[in-house]
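Below is one structure, written out as structure tokens; the observations come after it.
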Amino acid sequence: MQHGIRHPRLTPGRIEARAYQLEATDEVLSGSMMLVLPTAAGKTVVAWMAIADRLESSDGWILMIAPTVALVEQHLRGIKPVLSDSSSANPISVTGQNPVAKRAALWGSSRLVVATPQVVRNDVIRGVLDLSDCSLLVVDEAHHSTGEHAMAQVGDLYLAQASEPLVLATTASPGSKIDQVEEVCSRLGIGRIHLRTSGDAMVAKHLVGLDIQEVTVKVPDQIRELAEPLVMWQSGIVDRERRLGRYVRPGVISHAGLSNAMERAQQAISRGESSAYQSVSRIATAMRLHHLINHLLSQGVAASSEFLERLSGSEQAQNKSTRNFLRDGRVSSLRKSLSEMGEVHTKIGAVRRLVSERLRRDSDSRIIVFATFRDTVAAVEKSLEELDGARPIQFVGQSSRGGRGGLTPKQQIERLDEFRSGSANVLVATSVGEEGLDIPSADLVIFYEPVPSEIRTIQRRGRTGRHREGEVVVLIAEDTRDEGARASAEKREEFMQRAVHRVRRKLSRSPHTDLSNLGRFEVSSEDGIVSASEFVASQREMHRVEISESDESMSSETETPPTLPPETFRARGQAGLEQFSGKSAKTVDKEDEIQSPISISRDLLALEEIGPPDVPGSTIIADDRELNSAVVARLRALGTEVVIERLKTGDFCIGNRILVERKTVRDFVDSLVDGRLLEQASRLVGAAPRTMVLIEGEGLFQNPRVHPHALMGALTTLTLDFGIPVVTTKDGAETARFLTVAARREESMLDGLSESARDRLEAVKPEAWNDPLAQAAAGARQLRRRGDDARAAARALLEAIPGVDDGLAARLLDKFGTIAALAWAEVGELSEIEGITETQVREISRTFRSGEQVT
């Protein structure tokens, strides 16, 4: 090593001195920052140096989070030898493998913890973990910090609890959309983005070569013959929808075109066009066919079989249209043919040739093959087992799918160790192997298919060329969606750089370049020891772009254009800044400073969420099954006191009076279709003095599974017959804000009561709500007071269907007993009801199964 880093907390000689890494370290120590570097450029090294300096300069502890257990263990194994006195920091890992009961002791035993974000979120919400003394949060693969991902929720909680928050977010692929990058910055409190590309002079000399090849393969005629009946079926559907004006995209059939057609059909439903229900069903079939055709042509036999097995074993299989799809003779014939075939796709042969050639040239090579589907992974592994010198091993996720078991975190780590050690030399992996894994000797990566995501493409590519020259081979099936996916990934990768630049310009904090935070860093070489700031300054000078003499002479010879007055470029009568000379730029008051859009929106959000400081709000009890939602983490971030318990009824309890049942739009529709809604309402109404149903999400009345009349009937039944208010929110963040406001409103109301009234109110404890007998009795009393019962509520819901009067509603309930049984009744069974007409049968069927074809 030519130059090495020295620091009181770092082992001398373990880290090579690179100027761009020291610059990034200096900037993160001055404020929260996102670090965007190419894969293999050493983002982790920057994290090590920042961790070492914070251990030395502060008394707090440091938390590093990574998305998978394998990455957590890799980070822990990497940082231990780097720290000069690791025993004093006692680095440990905390993951889901550690029992909940033992984690409380683990958190307080170390100054450096590497953990998965799910564990951090859950333990903060349970009150086991306090982040107030955490002096640095390192977020690896930070592009996940959006939406309801646990990583984003950890960011919310850390910013809410930490006394002096400092965040280092690292990623090679922040995303191609501006709003995505902005959300990552907002959720993690990022004030700066430090971006370096592979073309940067300081970075380029430390990156090894990476050769990227694209290999086009021809799809076998045998597979095209299998796909032909499906292609004709799909074309017939699309032609019909084109005539109806629903499919409007020109050119070949695409997923985007089908999605647009589905939106147009759902809009037609909202306008009252009855033919649109049939269109929704047909377009859904065309979308399934689109997936199946592309699986056949670009993946092969194994992946197509897996797709059909997943479909038949999923919840969708209960849907009539899905059942009809799977029973169709063309699909049944295909399933039979696939079950009798081995893998015949030419991609398998291409993988065998590439692996064989690489191992023939270098028997010590390490090769990674990425495939999207587990059955493809299994087929690739099986084909490679027959090759001389190849020792393939699978690397897949933890969940069990399609009858195939996943790998436990321990098994994942063991398999990576086998690959590193050489006992296995070909790693056949799904997407779980794409992110962050440092396989030092992987010199060939094969993409079984291109992926349209720029993030996944960059991550896959980054598994090679990390320590020596590497090669990437992308297999592309001719005349399939592979060609579109490749072009999409390239385009999005271009957009990613633009998005990051635009967001960086919007951020409120200017770049930090004075190297003032590197005082404890030194750089050693054969010539002696210099300060890190001197080393960086010398490297800056070395890579400074110089202007040649010819450039200077050309510049001097060029005539300077005349300076035009500013009013030349303005409309007549428009004022300019030069006319307001009362304030110079140096004397602008602080309240007049211009803020960036992100800082303004963040300030507005903070004002909205802080609320009145003198009203802390009632305690909210959250059901422990809500931990995976974003709501609980958001409540904590808003400063709301949250207690985690198991509630037998409802999802959130506010104080001693209010019980909230939270349902997503999909949950609400499901509970209406299967008949659970009225039963849940009966339980809820007797479970607490005040109850409400909160529906989270958008598009309730655009759902094709249930007629809007049935949804309106359900909402009026809940509100008028059960007396349960219904509240709607856009997403988890809005739900959390609503609950927080409700908790503060409840506390304000209690403060206004007399002492005796408050005592009587608090005598009704939430524990009593979990008593089923008490609930049943209270529910019965409530219904009796209204002169109603569950049957009457069901009748009211049925009477909301066009053409159904009270007499027919009663006969339907006499015949089927429950709404659930009626929802799944066939047309023939409905026709047996006395006095029912064909029109009424059709309306009832459309109401409960509007996404299916009514025959």
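FYI, nothing fancy with the structure tokens labels: chains A, B, ... in order, residues from 1 per chain, ligands from 1 as they appear.
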
Item checked: Which of stretch 63-298 of chain A fall in helix (DSSP H, G or I), as a count of residues only -> 126

Notebook entry, point to check: So which bits of stretch 295-537 of chain A end up strand (DSSP E or B) when you DSSP the backbone, as JSON, numbers by chain?
Noted result: {"A": [366, 367, 368, 369, 370, 392, 393, 394, 395, 401, 404, 426, 427, 428, 429, 442, 443, 444, 445, 446, 447, 470, 471, 472, 473, 474, 475, 476, 477, 522, 523, 524, 525, 528, 529, 530, 531]}

Next item on the list: Find the spatial neighbours of A:Leu635, counting only C-alpha atoms, within a cut-off of 9 Å - ignore same-chain residues fewer than 5 positions away - and output them as a list in words.
Entry: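 The residues satisfying every condition are Ile620, Ala630, Thr640, Glu641, Val642, Ala733, Ala736, Arg737, Leu739 and Thr740 of chain A.
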
Using only N, CA and C atoms, please write the residues we just selected to a file, as a CSV table (one decimal), in the first residue's frame.
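Below is the file that was written, part_20.csv:
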```
chain,number,residue,atom,x,y,z
A,620,ILE,N,-51.7,6.0,23.0
A,620,ILE,CA,-52.3,5.2,22.0
A,620,ILE,C,-51.7,3.8,22.2
A,630,ALA,N,-46.4,1.3,8.5
A,630,ALA,CA,-45.7,2.5,8.7
A,630,ALA,C,-46.3,3.4,9.8
A,640,THR,N,-45.8,10.9,19.7
A,640,THR,CA,-47.0,10.3,20.4
A,640,THR,C,-46.5,9.1,21.3
A,641,GLU,N,-47.1,9.1,22.5
A,641,GLU,CA,-46.8,7.9,23.4
A,641,GLU,C,-47.5,6.7,22.9
A,642,VAL,N,-46.8,5.7,22.5
A,642,VAL,CA,-47.4,4.5,22.0
A,642,VAL,C,-47.0,3.3,22.9
A,733,ALA,N,-48.8,7.7,6.7
A,733,ALA,CA,-48.4,9.0,7.3
A,733,ALA,C,-49.6,9.8,7.7
A,736,ALA,N,-51.3,8.3,10.7
A,736,ALA,CA,-50.6,8.6,12.0
A,736,ALA,C,-50.9,10.0,12.4
A,737,ARG,N,-51.0,10.9,11.5
A,737,ARG,CA,-51.3,12.3,11.9
A,737,ARG,C,-52.7,12.4,12.4
A,739,LEU,N,-54.4,10.0,13.9
A,739,LEU,CA,-54.5,9.4,15.3
A,739,LEU,C,-53.9,10.3,16.3
A,740,THR,N,-52.8,11.0,15.9
A,740,THR,CA,-52.1,11.9,16.8
A,740,THR,C,-53.1,13.1,17.2
```

Next item on the list: Give the answer as one residue: which of A:Gln539, A:Ile446, A:Val181, A:Thr480 has the shortest atom-to-atom distance to A:His291, using only C-alpha atoms?
Entry: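 Of A:Gln539, A:Ile446, A:Val181, A:Thr480, the one nearest A:His291 is A:Thr480, counting only C-alpha atoms.
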
Next item on the list: For A:Val673, please output as a PyMOL selection string all residues within 10 Å (counting only C-alpha atoms; exclusion window: fewer than 3 positions along the same chain).
Entry: chain A and resi 667-670+676-677+705-706+710+819-824+847-849

Dump as a short mmCIF file (atom, residue, chain, number, x, y, z; two decimals), in the first residue's frame, selection limited to C-alpha atoms:
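Result went into out14.cif, see below:
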```cif
data_model
loop_
_atom_site.label_atom_id
_atom_site.label_comp_id
_atom_site.auth_asym_id
_atom_site.auth_seq_id
_atom_site.Cartn_x
_atom_site.Cartn_y
_atom_site.Cartn_z
CA ASP A 667 -58.85 -5.20 3.39
CA PHE A 668 -62.16 -3.37 3.40
CA VAL A 669 -63.20 -4.83 0.04
CA ASP A 670 -62.08 -8.34 1.08
CA ARG A 676 -66.65 -10.55 7.67
CA LEU A 677 -67.47 -6.84 7.70
CA ARG A 705 -64.27 -6.55 -7.50
CA VAL A 706 -67.27 -4.82 -5.90
CA ALA A 710 -72.41 -2.30 -2.51
CA ILE A 819 -73.57 -12.12 2.92
CA ALA A 820 -70.46 -14.28 2.34
CA ALA A 821 -72.51 -17.26 1.13
CA LEU A 822 -74.52 -14.98 -1.15
CA ALA A 823 -71.36 -13.38 -2.57
CA TRP A 824 -70.07 -16.75 -3.78
CA THR A 847 -72.32 -6.18 -7.27
CA PHE A 848 -70.35 -8.88 -5.49
CA ARG A 849 -68.16 -10.12 -8.35
#
```
